[in-house]
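Worksheet: one structure, shown below.
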Amino acid sequence: MSHKPSSSFVADTALTTFVCLLMAFLYVPIWVLIAFSFSSSRSLTWPIPGFTLDWYRKLFANADLLTAVGNSFYVATFASLLALAVGIPAAMALHRFNFWGKTLFRRLILLPITLPGIVTGISMLNMFRLFGFNPSLETVIIGHATALIGVVVTQVFARLQRLPKSLEEASSDLGAPPLHTFLHITLPNIRSAVFGAGLLSFVLSFDEIPVTFFLTGRDNTLPMYIYSTMRRGVTPEINAVGTLIVLASLILIIVSVLLSRDRSPR
Amino acid sequence: MAAIIELQRISKHYSKTIIGVDDVSLDVEDGEFVTLLGPSGCGKSTLLRMIGGFEAPTHGMIRLAGQDVTHVPPYRRDVNMVFQDYALFPHMTVGENIAYGLKIQGRSRAQARDMAVDALALVGLPDKIDQKPAQLSGGQRQRVALARAIVRRPKVLLLDEPLSALDARLRDQMRIEMKHLHEKVGITFIMVTHDQEEALTMSDRVVVMEKGRVAQDGRPQDLYDQPASPYVANFIGTTNFVAGSLTGRSPAGTRIASAAGDFTATADLALPQGAEVTLGFRPEKVRLLAEGETAANVVPGRIAEVIYYGLGLRTTVELAGGTQVHVDCLLPDSLARSAVPQPGAPVRLGIEPHNVFVFAGRVAA
Ligand SMILES: Nc1ncnc2c1ncn2[C@@H]1O[C@H](COP(=O)(O)OP(=O)(O)O)[C@@H](O)[C@H]1O
Ligand SMILES: [Mg+2]
C-alpha cells in the first residue's frame with residue numbers, strides 16, 4: 001500500500017497521544033496531591049502560593065491520626081499473615097490432592113473476593129454478635145483475612161501449578177519427609193508468589209473501608225480516619241498523609257520487585 | 001546372587017479403562033543393569049515409579065532386599081531415581097543439590113561436601129560444585145542428577161529415560177559412561193527407555209514391554225536371536241514377516257509353506273499341521289545368492305529397490321505372492337559395478353534354517 005508510511009505515522013501519533021493521556025489521567029492527580037501537601041495556603045489554589053512543611057509537622061503532632069496509622073499497620077499486617085497462614089496450605093491441598101468437591105472448594109474459597117465488602121461486613125458482624133464477640137480491630141483482621149485468603153490461594157496455586165512435580169518427588173526420593181520437602185523445596189520455589197500475595201493482601205487491607213466500617217469497634221484505621229475528617233473538606237494535612245502513603249507504596253513496590261525476582265531465570 | 005527387587009504380580013489400574021501396568025512379575029538380581037524397553041505409553045515409567053514409591057500398585061507386592069515395600073513412601077525406600085527432567089533444585093548450587101540427601105541422613109556439612117566432591121569427580125564434573133543448575137548444559141545437569149542419586153549409595157538406582165534430553169553425540173558418549181559408572185559403583189541399575197539400541201548396548205538384561213505387560217525378558221543377544229513374538233522381533237532390530245502355514249516336520253526342522261515358497265526352520269513350535277504361522281527373518285541374515293550358490297532355504301524374487309547407506313546396501317526384494325522383504329549386505333572392499341544388484345533383476349535369497357523365526361498366528365503385514 002502506498003499510504004502505509006503516512007497511515008502508520010497517524011497510528012503512531014494516535015497511540016502516543018493515547019498513552020500520554022492515559023499516563024496523565026493516572027498520575028497527574030497524584031502529582032497535584034503531592035504539590036498541595038507542600039502548599040502554604042489552606043485553600044487549594046493553583047499554582048501553590050508558597051512552600052511549607054507545616055502540614056507534615058501538624059500531621060506528626062496529630063495523635064488520633066498516628067493511632068489510626070498504627071491501627072492500619074496492625075490490621076494489615078495480621079490480616080495478611082493470617083491469609084497466608086490459611087491460604088498457602090489451602091493452595092497446597094488444591095494442588096496436591098484430587099478430592100471430591102475440589103472444584104466447588106476452589107470456587108468457595110474465591111467467592112469472598114467477589115462478594116461486595118458490605119455483604120462480608122454485615123454477615124460477619126452478625127456472626128460475631130452471635131458468638132458474643134465485640135467488634136474490635138481483631139474482628140476486622142478476621143474479616144479482611146476471609147477475603148484475602150482468596151487472593152493468596154489464587155496466586156500461590158498458580159505458582160504451584162508451574163512448579164515441576166518432579167522437584168517434590170526428587171526431594172522425597174532423597175529421603176525428605178513431606179514437611180521437610182515443603183520447607184526446603186516447595187516454599188523457596190514459590191517465594192515470589194508468597195511475597196506478591198502477602199504485599200497485595202497488605203495493600204488491600206490497608207485501604208479497606210466497607211468491611212472495616214462494620215467490624216471495627218471504637219478504633220479507627222487510617223482510611224476510616226481520613227474519611228471521617230473529610231466531612232470538613234480536603235485539608236492540606238490529608239494531602240500530606242496521602243503523599244506519605246504514595247511514598248510508602250513506592251518503597252513497597254521497589255522492595256517487592258527486588259525480593260520477588262526469581263534468582264534463577266527459567 | 002540374590003534378587004534385590006522382586007515384583008510379584010504388580011498391576012496399576014488408573015481407572016477401569018486406563019491400565020498403566022498389567023500383572024507384571026519380575027526379579028532383578030543384585031548388581032544387575034536391567035532395562036525396561038517399549039514404545040511410549042506401554043507402562044515403563046509407571047512400573048519404575050512404583051519401584052521408587054511414587055505410585056502405589058493397585059495389585060501385587062514389591063520387595064526390596066527381601067522386605068515388603070509396597071506401601072513404603074519414597075523417603076523411606078533405599079532407592080534413588082534420576083528423573084527424566086533431572087529435577088535439580090533450581091535454588092540450590094550443584095553441591096547443595098548433591099548434599100541434600102546426605103544432610104537428611106544426618107551427615108555433617110563438611111562430610112556431605114566431601115562426598116559431593118567425590119560424586120562429582122565420579123561423573124566427571126569436578127569443577128562445577130558452586131554453580132547453579134541454570135548455569136549448566138543439558139549434559140552437565142544429567143551428570144549432576146546422576147551424582148545426586150548415587151551419592152547415597154542406594155540399593156537400586158532408577159533411571160527414567162535418562163538420555164532422552166541429550167543430543168545424539170552426547171547420548172552415545174553417556175551410554176558408555178553410564179555403563180562404566182554401573183561397573184564402578186556396583187549398584188543395581190533399572191533404566192527405562194524407548195530406544196532399543198540404548199537398551200541393547202547398556203544393559204545385562206532387557207525387559208520388553210507391550211501394553212502394560214512383559215512381552216519378553218532376557219539378555220540382549222537372546223532377544224535378538226530368539227524373539228518370543230513378532231512384536232519383539234520388530235521392536236528389537238527389524239524383521240521381515242511372511243505369512244505361511246505349518247506343513248510338517250522333518251529331521252532338519254519344521255516345514256512351512258508360503259506363497260513365496262517353502263521354508264525349513266530349526267525352531268519347533270507345538271502347533272498342529274496346517275496351523276497358520278508367521279515366518280520372520282532379519283534383513284542382515286539373508287544372503288543374495290550368486291550364480292551357482294545354494295542354501296538350505298532358497299527363495300526366488302525380484303529386486304524392487306536398492307538403497308545405498310554408506311556401510312552397505314539395503315535391497316528391497318519382492319517375493320512371489322507380493323510380499324516385500326529387505327535384505328542388508330555390507331559392501332565389499334572394492335565394489336565391482338556389476339555386483340551391485342539392479343532393480344528389476346531376478347534374485348535368489350538364501351536363508352539358513354536357524355535364522356528363520358516361526359510365530360503362531362498371523363500378523364498384519
Ligand atoms: N497419572 C496418570 N493418570 C492416568 N493415566 C496415566 C497416568 N500416568 C500414566 N498413565 C497412563 O498409563 C499408561 C502408561 O504410561 P507410562 O507408564 O507413562 O508409559 P511409558 O513410560 O511407557 O511411556 C499410559 O496409557 C498413560 O496414559
Ligand atoms: Mg515414560
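Identifiers in this document derive from the order of the C-alpha cells: chains are assigned A, B, ..., residues are numbered from 1 separately in each chain, and ligands are numbered from 1 in order of occurrence.
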Inset, instruction - Please run DSSP on the backbone and report, as an NGL selection string, all residues within stretch 12-220 of chain A that come out as helix (DSSP H, G or I). - result: :A and (12-37 or 54-61 or 63-96 or 102-114 or 117-130 or 137-162 or 165-173 or 178-206 or 210-215)
Inset, instruction - With a distance threshold of 8 Å and counting only C-alpha atoms, extract the residues of chain B near chain A and express them as an MDAnalysis selection string. - result: chainID B and resid 52 54 74:77 79:81 83 85 87:91 100:101 104:105 132 134 149
Kindly save the residues from that selection, with N, CA, C and O atoms included, as a short mmCIF file (atom, residue, chain, number, x, y, z; two decimals), in the first residue's frame.
```cif
data_model
loop_
_atom_site.label_atom_id
_atom_site.label_comp_id
_atom_site.auth_asym_id
_atom_site.auth_seq_id
_atom_site.Cartn_x
_atom_site.Cartn_y
_atom_site.Cartn_z
N GLY B 52 10.02 -46.93 42.76
CA GLY B 52 10.51 -45.78 43.52
C GLY B 52 9.58 -45.36 44.65
O GLY B 52 9.99 -44.62 45.54
N PHE B 54 6.58 -43.74 44.06
CA PHE B 54 5.80 -42.55 43.70
C PHE B 54 4.38 -42.91 43.29
O PHE B 54 3.51 -42.05 43.23
N PRO B 74 8.47 -43.01 49.31
CA PRO B 74 9.79 -42.90 48.69
C PRO B 74 10.88 -42.51 49.69
O PRO B 74 12.01 -43.00 49.59
N TYR B 75 10.53 -41.64 50.66
CA TYR B 75 11.57 -41.14 51.56
C TYR B 75 12.03 -42.18 52.58
O TYR B 75 12.93 -41.93 53.35
N ARG B 76 11.37 -43.34 52.58
CA ARG B 76 11.88 -44.41 53.44
C ARG B 76 12.31 -45.63 52.63
O ARG B 76 12.45 -46.71 53.16
N ARG B 77 12.50 -45.45 51.31
CA ARG B 77 12.98 -46.56 50.48
C ARG B 77 14.42 -46.32 50.13
O ARG B 77 14.79 -45.22 49.74
N VAL B 79 16.21 -46.46 47.66
CA VAL B 79 16.22 -46.49 46.20
C VAL B 79 16.32 -45.04 45.76
O VAL B 79 15.74 -44.18 46.42
N ASN B 80 17.10 -44.74 44.75
CA ASN B 80 17.13 -43.36 44.25
C ASN B 80 16.88 -43.31 42.76
O ASN B 80 17.07 -44.30 42.06
N MET B 81 16.43 -42.14 42.31
CA MET B 81 15.95 -42.03 40.94
C MET B 81 16.61 -40.86 40.22
O MET B 81 16.84 -39.81 40.80
N PHE B 83 15.56 -38.47 37.41
CA PHE B 83 14.30 -38.12 36.74
C PHE B 83 14.56 -37.72 35.29
O PHE B 83 15.64 -37.24 34.95
N ASP B 85 13.43 -35.21 33.65
CA ASP B 85 13.78 -33.79 33.53
C ASP B 85 14.88 -33.40 34.53
O ASP B 85 15.11 -32.24 34.78
N ALA B 87 15.13 -32.85 37.49
CA ALA B 87 14.58 -32.38 38.77
C ALA B 87 15.64 -31.84 39.71
O ALA B 87 15.59 -32.07 40.92
N LEU B 88 16.62 -31.11 39.19
CA LEU B 88 17.59 -30.46 40.06
C LEU B 88 16.91 -29.29 40.75
O LEU B 88 16.10 -28.61 40.12
N PHE B 89 17.23 -29.07 42.02
CA PHE B 89 16.60 -27.97 42.75
C PHE B 89 17.19 -26.65 42.27
O PHE B 89 18.38 -26.40 42.46
N PRO B 90 16.37 -25.80 41.64
CA PRO B 90 16.93 -24.60 40.97
C PRO B 90 17.50 -23.58 41.95
O PRO B 90 18.35 -22.80 41.57
N HIS B 91 17.04 -23.59 43.21
CA HIS B 91 17.50 -22.57 44.16
C HIS B 91 18.76 -23.01 44.91
O HIS B 91 19.22 -22.32 45.79
N TYR B 100 22.03 -32.58 49.57
CA TYR B 100 20.68 -32.54 50.14
C TYR B 100 20.30 -33.84 50.85
O TYR B 100 19.92 -33.84 52.02
N GLY B 101 20.45 -34.95 50.11
CA GLY B 101 20.07 -36.24 50.68
C GLY B 101 21.02 -36.70 51.78
O GLY B 101 20.64 -37.48 52.64
N ILE B 104 20.08 -34.99 55.11
CA ILE B 104 18.90 -35.63 55.70
C ILE B 104 19.31 -36.91 56.43
O ILE B 104 18.75 -37.25 57.46
N GLN B 105 20.34 -37.55 55.90
CA GLN B 105 20.85 -38.76 56.57
C GLN B 105 21.57 -38.39 57.87
O GLN B 105 22.00 -39.27 58.61
N LYS B 132 25.01 -22.91 39.82
CA LYS B 132 23.58 -23.21 39.89
C LYS B 132 23.21 -24.08 38.68
O LYS B 132 23.83 -23.96 37.62
N ALA B 134 21.01 -23.77 36.56
CA ALA B 134 20.68 -22.98 35.36
C ALA B 134 21.94 -22.63 34.56
O ALA B 134 21.85 -22.30 33.39
N ALA B 149 21.93 -38.87 42.76
CA ALA B 149 21.21 -40.12 43.03
C ALA B 149 22.13 -41.22 43.56
O ALA B 149 21.70 -42.06 44.34
#
```
Quick one: residues within 9 Å of stretch 250-265 of chain B, only C-alpha atoms, excluding same-chain residues fewer than 4 positions away - as a PDB file with N, CA, C and O atoms, in the first residue's frame?
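Wrote around37.pdb, looks like this:
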```pdb
ATOM      1  N   VAL B 242       6.631 -63.111   6.754  1.00  0.00           N
ATOM      2  CA  VAL B 242       5.970 -63.765   5.625  1.00  0.00           C
ATOM      3  C   VAL B 242       4.903 -64.695   6.211  1.00  0.00           C
ATOM      4  O   VAL B 242       5.191 -65.484   7.123  1.00  0.00           O
ATOM      5  N   ALA B 243       3.667 -64.580   5.729  1.00  0.00           N
ATOM      6  CA  ALA B 243       2.591 -65.431   6.226  1.00  0.00           C
ATOM      7  C   ALA B 243       2.734 -66.831   5.644  1.00  0.00           C
ATOM      8  O   ALA B 243       3.077 -66.993   4.471  1.00  0.00           O
ATOM      9  N   GLY B 244       2.507 -67.855   6.475  1.00  0.00           N
ATOM     10  CA  GLY B 244       2.628 -69.219   5.979  1.00  0.00           C
ATOM     11  C   GLY B 244       1.770 -70.168   6.783  1.00  0.00           C
ATOM     12  O   GLY B 244       1.013 -69.754   7.657  1.00  0.00           O
ATOM     13  N   SER B 245       1.889 -71.469   6.468  1.00  0.00           N
ATOM     14  CA  SER B 245       1.231 -72.451   7.318  1.00  0.00           C
ATOM     15  C   SER B 245       2.131 -73.660   7.495  1.00  0.00           C
ATOM     16  O   SER B 245       2.932 -73.997   6.622  1.00  0.00           O
ATOM     17  N   LEU B 246       1.984 -74.276   8.677  1.00  0.00           N
ATOM     18  CA  LEU B 246       2.863 -75.378   9.044  1.00  0.00           C
ATOM     19  C   LEU B 246       2.446 -76.627   8.269  1.00  0.00           C
ATOM     20  O   LEU B 246       1.273 -77.015   8.294  1.00  0.00           O
ATOM     21  N   LEU B 269       7.651 -75.340  17.074  1.00  0.00           N
ATOM     22  CA  LEU B 269       6.513 -74.883  17.859  1.00  0.00           C
ATOM     23  C   LEU B 269       5.537 -76.029  18.028  1.00  0.00           C
ATOM     24  O   LEU B 269       5.353 -76.825  17.118  1.00  0.00           O
ATOM     25  N   VAL B 277       0.895 -69.728  10.608  1.00  0.00           N
ATOM     26  CA  VAL B 277       2.077 -69.207  11.301  1.00  0.00           C
ATOM     27  C   VAL B 277       2.591 -67.976  10.551  1.00  0.00           C
ATOM     28  O   VAL B 277       2.160 -67.679   9.447  1.00  0.00           O
ATOM     29  N   LEU B 279       6.302 -66.385   9.472  1.00  0.00           N
ATOM     30  CA  LEU B 279       7.749 -66.566   9.403  1.00  0.00           C
ATOM     31  C   LEU B 279       8.420 -65.224   9.595  1.00  0.00           C
ATOM     32  O   LEU B 279       7.882 -64.197   9.187  1.00  0.00           O
ATOM     33  N   ALA B 296      20.127 -73.672   2.444  1.00  0.00           N
ATOM     34  CA  ALA B 296      19.098 -74.587   2.903  1.00  0.00           C
ATOM     35  C   ALA B 296      17.708 -74.108   2.491  1.00  0.00           C
ATOM     36  O   ALA B 296      16.846 -74.898   2.150  1.00  0.00           O
ATOM     37  N   ASN B 297      17.481 -72.779   2.605  1.00  0.00           N
ATOM     38  CA  ASN B 297      16.237 -72.209   2.096  1.00  0.00           C
ATOM     39  C   ASN B 297      16.591 -71.264   0.949  1.00  0.00           C
ATOM     40  O   ASN B 297      17.356 -70.324   1.133  1.00  0.00           O
ATOM     41  N   VAL B 298      16.052 -71.536  -0.229  1.00  0.00           N
ATOM     42  CA  VAL B 298      16.286 -70.656  -1.368  1.00  0.00           C
ATOM     43  C   VAL B 298      14.938 -70.103  -1.817  1.00  0.00           C
ATOM     44  O   VAL B 298      14.006 -70.859  -2.079  1.00  0.00           O
ATOM     45  N   VAL B 299      14.838 -68.765  -1.819  1.00  0.00           N
ATOM     46  CA  VAL B 299      13.572 -68.125  -2.163  1.00  0.00           C
ATOM     47  C   VAL B 299      13.799 -67.202  -3.354  1.00  0.00           C
ATOM     48  O   VAL B 299      14.627 -66.299  -3.281  1.00  0.00           O
ATOM     49  N   PRO B 300      13.078 -67.434  -4.446  1.00  0.00           N
ATOM     50  CA  PRO B 300      13.248 -66.551  -5.600  1.00  0.00           C
ATOM     51  C   PRO B 300      12.472 -65.247  -5.428  1.00  0.00           C
ATOM     52  O   PRO B 300      11.475 -65.199  -4.711  1.00  0.00           O
ATOM     53  N   GLY B 301      12.963 -64.198  -6.083  1.00  0.00           N
ATOM     54  CA  GLY B 301      12.271 -62.908  -6.014  1.00  0.00           C
ATOM     55  C   GLY B 301      12.815 -61.968  -7.063  1.00  0.00           C
ATOM     56  O   GLY B 301      13.638 -62.355  -7.907  1.00  0.00           O
ATOM     57  N   LEU B 319       8.803 -60.882  -3.287  1.00  0.00           N
ATOM     58  CA  LEU B 319       8.724 -62.337  -3.405  1.00  0.00           C
ATOM     59  C   LEU B 319       7.456 -62.714  -4.164  1.00  0.00           C
ATOM     60  O   LEU B 319       6.561 -61.887  -4.344  1.00  0.00           O
ATOM     61  N   ALA B 320       7.399 -63.971  -4.562  1.00  0.00           N
ATOM     62  CA  ALA B 320       6.170 -64.473  -5.173  1.00  0.00           C
ATOM     63  C   ALA B 320       5.052 -64.318  -4.148  1.00  0.00           C
ATOM     64  O   ALA B 320       5.256 -64.548  -2.954  1.00  0.00           O
ATOM     65  N   GLY B 321       3.887 -63.898  -4.576  1.00  0.00           N
ATOM     66  CA  GLY B 321       2.798 -63.634  -3.635  1.00  0.00           C
ATOM     67  C   GLY B 321       2.754 -62.172  -3.237  1.00  0.00           C
ATOM     68  O   GLY B 321       1.833 -61.736  -2.562  1.00  0.00           O
ATOM     69  N   GLY B 322       3.763 -61.390  -3.646  1.00  0.00           N
ATOM     70  CA  GLY B 322       3.702 -59.939  -3.472  1.00  0.00           C
ATOM     71  C   GLY B 322       4.357 -59.389  -2.222  1.00  0.00           C
ATOM     72  O   GLY B 322       4.477 -58.182  -2.070  1.00  0.00           O
ATOM     73  N   THR B 323       4.748 -60.242  -1.250  1.00  0.00           N
ATOM     74  CA  THR B 323       5.387 -59.735  -0.036  1.00  0.00           C
ATOM     75  C   THR B 323       6.742 -59.106  -0.370  1.00  0.00           C
ATOM     76  O   THR B 323       7.525 -59.687  -1.123  1.00  0.00           O
ATOM     77  N   ILE B 351      18.582 -68.334   3.012  1.00  0.00           N
ATOM     78  CA  ILE B 351      18.355 -68.137   4.451  1.00  0.00           C
ATOM     79  C   ILE B 351      18.603 -69.454   5.163  1.00  0.00           C
ATOM     80  O   ILE B 351      18.049 -70.493   4.783  1.00  0.00           O
ATOM     81  N   GLU B 352      19.413 -69.441   6.214  1.00  0.00           N
ATOM     82  CA  GLU B 352      19.684 -70.671   6.967  1.00  0.00           C
ATOM     83  C   GLU B 352      18.527 -70.958   7.924  1.00  0.00           C
ATOM     84  O   GLU B 352      17.918 -70.024   8.467  1.00  0.00           O
ATOM     85  N   PRO B 353      18.197 -72.227   8.151  1.00  0.00           N
ATOM     86  CA  PRO B 353      17.036 -72.583   8.994  1.00  0.00           C
ATOM     87  C   PRO B 353      17.096 -71.989  10.402  1.00  0.00           C
ATOM     88  O   PRO B 353      16.072 -71.631  10.970  1.00  0.00           O
ATOM     89  N   HIS B 354      18.298 -71.873  10.968  1.00  0.00           N
ATOM     90  CA  HIS B 354      18.349 -71.346  12.345  1.00  0.00           C
ATOM     91  C   HIS B 354      18.104 -69.839  12.377  1.00  0.00           C
ATOM     92  O   HIS B 354      17.967 -69.241  13.433  1.00  0.00           O
ATOM     93  N   ASN B 355      18.068 -69.204  11.213  1.00  0.00           N
ATOM     94  CA  ASN B 355      17.761 -67.776  11.158  1.00  0.00           C
ATOM     95  C   ASN B 355      16.304 -67.492  10.838  1.00  0.00           C
ATOM     96  O   ASN B 355      15.917 -66.349  10.666  1.00  0.00           O
ATOM     97  N   VAL B 356      15.503 -68.559  10.758  1.00  0.00           N
ATOM     98  CA  VAL B 356      14.077 -68.356  10.465  1.00  0.00           C
ATOM     99  C   VAL B 356      13.287 -68.444  11.770  1.00  0.00           C
ATOM    100  O   VAL B 356      13.345 -69.437  12.481  1.00  0.00           O
ATOM    101  N   PHE B 357      12.609 -67.373  12.130  1.00  0.00           N
ATOM    102  CA  PHE B 357      11.722 -67.383  13.307  1.00  0.00           C
ATOM    103  C   PHE B 357      10.359 -67.900  12.873  1.00  0.00           C
ATOM    104  O   PHE B 357       9.914 -67.628  11.758  1.00  0.00           O
ATOM    105  N   VAL B 358       9.708 -68.633  13.775  1.00  0.00           N
ATOM    106  CA  VAL B 358       8.341 -69.063  13.486  1.00  0.00           C
ATOM    107  C   VAL B 358       7.444 -68.624  14.635  1.00  0.00           C
ATOM    108  O   VAL B 358       7.731 -68.903  15.799  1.00  0.00           O
TER     109      VAL B 358
END
```
Inset, instruction - Go through the chains and note each residue within 6 Å of ligand 1, using only C-alpha atoms and all ligand atoms, then give the set as an NGL selection string. - result: :B and (14 or 18-20 or 40-46)
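Candidate residues B:Thr239, B:Ala110, B:Phe33, B:Arg169 were compared for distance to B:Leu181, and the nearest is B:Phe33, using only C-alpha atoms.
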Inset, instruction - Considering only C-alpha atoms, state which residue in the set B:Glu318, B:Gly95, B:Leu313, B:Ala56 is at the smallest distance from B:Leu331. - result: B:Leu313
Inset, instruction - Give me the residues within 8 Å of B:Ala304 as a ChimeraX atom specification, counting only C-alpha atoms and dropping any in the same chain fewer than 3 places off. - result: /B:315-318,343-344
Store the residues picked out above in a file with C-alpha atoms, as a tab-separated table (two decimals), in the first residue's frame.
```tsv
chain	number	residue	atom	x	y	z
B	315	THR	CA	17.83	-54.17	-1.10
B	316	THR	CA	14.06	-54.49	-1.25
B	317	VAL	CA	13.02	-57.73	-2.88
B	318	GLU	CA	9.52	-58.67	-3.97
B	343	PRO	CA	16.16	-53.02	-9.82
B	344	GLY	CA	14.09	-55.40	-11.89
```
Inset, instruction - Step one, run DSSP on the backbone; step two, keep only residues of stretch 92-279 of chain B assigned to strand (DSSP E); then write them as a ChimeraX atom specification. - result: /B:156-160,188-193,205-210,213-218,240-250,253-258,261-265,276-279
Based on the selection just made, write C-alpha atoms of those residues as a PDB file, in the first residue's frame.
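Below is the file that was written, part_16.pdb:
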```pdb
ATOM      1  CA  VAL B 156      18.859 -49.647  43.477  1.00  0.00           C
ATOM      2  CA  LEU B 157      19.217 -46.721  41.075  1.00  0.00           C
ATOM      3  CA  LEU B 158      16.215 -45.962  38.877  1.00  0.00           C
ATOM      4  CA  LEU B 159      16.687 -44.050  35.629  1.00  0.00           C
ATOM      5  CA  ASP B 160      13.712 -42.751  33.636  1.00  0.00           C
ATOM      6  CA  THR B 188      21.712 -52.231  40.683  1.00  0.00           C
ATOM      7  CA  PHE B 189      20.502 -50.061  37.779  1.00  0.00           C
ATOM      8  CA  ILE B 190      16.956 -50.205  36.428  1.00  0.00           C
ATOM      9  CA  MET B 191      16.565 -47.974  33.398  1.00  0.00           C
ATOM     10  CA  VAL B 192      13.595 -47.068  31.232  1.00  0.00           C
ATOM     11  CA  THR B 193      13.989 -46.302  27.548  1.00  0.00           C
ATOM     12  CA  ARG B 205      19.066 -57.791  30.677  1.00  0.00           C
ATOM     13  CA  VAL B 206      16.222 -56.215  28.717  1.00  0.00           C
ATOM     14  CA  VAL B 207      12.550 -56.426  29.640  1.00  0.00           C
ATOM     15  CA  VAL B 208      10.461 -55.656  26.567  1.00  0.00           C
ATOM     16  CA  MET B 209       7.047 -54.279  27.496  1.00  0.00           C
ATOM     17  CA  GLU B 210       3.852 -54.161  25.474  1.00  0.00           C
ATOM     18  CA  ARG B 213       2.722 -56.381  30.183  1.00  0.00           C
ATOM     19  CA  VAL B 214       6.090 -58.044  29.818  1.00  0.00           C
ATOM     20  CA  ALA B 215       6.436 -59.221  26.227  1.00  0.00           C
ATOM     21  CA  GLN B 216       9.840 -60.820  26.759  1.00  0.00           C
ATOM     22  CA  ASP B 217      12.633 -60.724  29.288  1.00  0.00           C
ATOM     23  CA  GLY B 218      16.177 -61.796  28.506  1.00  0.00           C
ATOM     24  CA  ASN B 240      10.759 -59.391   7.580  1.00  0.00           C
ATOM     25  CA  PHE B 241       7.485 -61.233   8.021  1.00  0.00           C
ATOM     26  CA  VAL B 242       5.970 -63.765   5.625  1.00  0.00           C
ATOM     27  CA  ALA B 243       2.591 -65.431   6.226  1.00  0.00           C
ATOM     28  CA  GLY B 244       2.628 -69.219   5.979  1.00  0.00           C
ATOM     29  CA  SER B 245       1.231 -72.451   7.318  1.00  0.00           C
ATOM     30  CA  LEU B 246       2.863 -75.378   9.044  1.00  0.00           C
ATOM     31  CA  THR B 247       3.034 -78.410   6.767  1.00  0.00           C
ATOM     32  CA  GLY B 248       5.080 -80.913   8.721  1.00  0.00           C
ATOM     33  CA  ARG B 249       8.275 -81.816  10.499  1.00  0.00           C
ATOM     34  CA  SER B 250      11.472 -83.278   9.147  1.00  0.00           C
ATOM     35  CA  GLY B 253      13.252 -78.871  11.319  1.00  0.00           C
ATOM     36  CA  THR B 254       9.754 -77.536  10.842  1.00  0.00           C
ATOM     37  CA  ARG B 255       8.431 -77.326   7.290  1.00  0.00           C
ATOM     38  CA  ILE B 256       6.401 -74.272   6.365  1.00  0.00           C
ATOM     39  CA  ALA B 257       4.646 -73.452   3.125  1.00  0.00           C
ATOM     40  CA  SER B 258       4.049 -69.901   1.971  1.00  0.00           C
ATOM     41  CA  GLY B 261       7.947 -70.750  -1.382  1.00  0.00           C
ATOM     42  CA  ASP B 262       8.711 -73.489   1.125  1.00  0.00           C
ATOM     43  CA  PHE B 263      10.882 -72.904   4.200  1.00  0.00           C
ATOM     44  CA  THR B 264      12.607 -75.066   6.761  1.00  0.00           C
ATOM     45  CA  ALA B 265      13.085 -73.620  10.245  1.00  0.00           C
ATOM     46  CA  GLU B 276      -1.349 -70.587  10.493  1.00  0.00           C
ATOM     47  CA  VAL B 277       2.077 -69.207  11.301  1.00  0.00           C
ATOM     48  CA  THR B 278       4.190 -66.175  10.572  1.00  0.00           C
ATOM     49  CA  LEU B 279       7.749 -66.566   9.403  1.00  0.00           C
TER      50      LEU B 279
END
```
Inset, instruction - May I have the residues within 8 Å of B:Val151 as a list in words, using only C-alpha atoms and disregarding those fewer than 4 positions away in the same chain? - result: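 The residues satisfying every condition are Ile98, Leu102, Met115, Ala116, Ala119 and Ala147 of chain B.
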Got time to write the residues from that selection, C-alpha atoms, as a tab-separated table (two decimals), in the first residue's frame?
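Dumped to part_4.tsv:
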```tsv
chain	number	residue	atom	x	y	z
B	98	ILE	CA	24.08	-33.43	45.91
B	102	LEU	CA	23.24	-36.60	52.75
B	115	MET	CA	31.07	-36.82	49.46
B	116	ALA	CA	29.59	-34.38	46.92
B	119	ALA	CA	30.44	-37.95	43.49
B	147	ALA	CA	25.76	-37.82	41.14
```
Inset, instruction - Point out the residue among B:Asp222, B:Asp195, B:Glu161, B:Glu305 with the least atom-to-atom distance to ligand 2, counting only C-alpha atoms and all ligand atoms. - result: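 Result for the nearest residue to ligand 2: B:Glu161.
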Inset, instruction - List the neighbours of A:Ile118 out to 8 Å using only C-alpha atoms; skip same-chain residues closer than 6 positions along the sequence, and give me the result as JSON, numbers by chain. - result: {"A": [210, 211, 214]}
Let's have the selection written as a PDB file, in the first residue's frame, with N, CA, C and O atoms.
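See out.pdb below for the written result:
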```pdb
ATOM      1  N   PRO A 210     -15.268  -0.684  53.631  1.00  0.00           N
ATOM      2  CA  PRO A 210     -16.595  -1.238  53.977  1.00  0.00           C
ATOM      3  C   PRO A 210     -16.565  -2.288  55.076  1.00  0.00           C
ATOM      4  O   PRO A 210     -17.319  -2.185  56.056  1.00  0.00           O
ATOM      5  N   VAL A 211     -15.716  -3.298  54.959  1.00  0.00           N
ATOM      6  CA  VAL A 211     -15.693  -4.354  55.972  1.00  0.00           C
ATOM      7  C   VAL A 211     -15.260  -3.763  57.315  1.00  0.00           C
ATOM      8  O   VAL A 211     -15.844  -4.061  58.367  1.00  0.00           O
ATOM      9  N   PHE A 214     -17.997  -1.986  59.299  1.00  0.00           N
ATOM     10  CA  PHE A 214     -18.938  -2.806  60.064  1.00  0.00           C
ATOM     11  C   PHE A 214     -18.291  -3.500  61.256  1.00  0.00           C
ATOM     12  O   PHE A 214     -18.926  -3.704  62.272  1.00  0.00           O
TER      13      PHE A 214
END
```
Inset, instruction - Within 9 Å of stretch 89-101 of chain A, counting only C-alpha atoms, which residues show up once you throw out same-chain ones fewer than 4 positions away? Write them as a count of residues only, please. - result: 15
Legend entry - For ligand 2, the nearest of the candidates B:Ile4, B:Leu48, B:Ala121, B:Met178, counting only C-alpha atoms and all ligand atoms: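 Closest residue, counting only C-alpha atoms and all ligand atoms: B:Leu48.
Of the residues under consideration (B:Tyr231, B:Pro39, B:Arg175, B:Val94), B:Pro39 shows the shortest atom-to-atom contact distance to ligand 2 when counting only C-alpha atoms and all ligand atoms.
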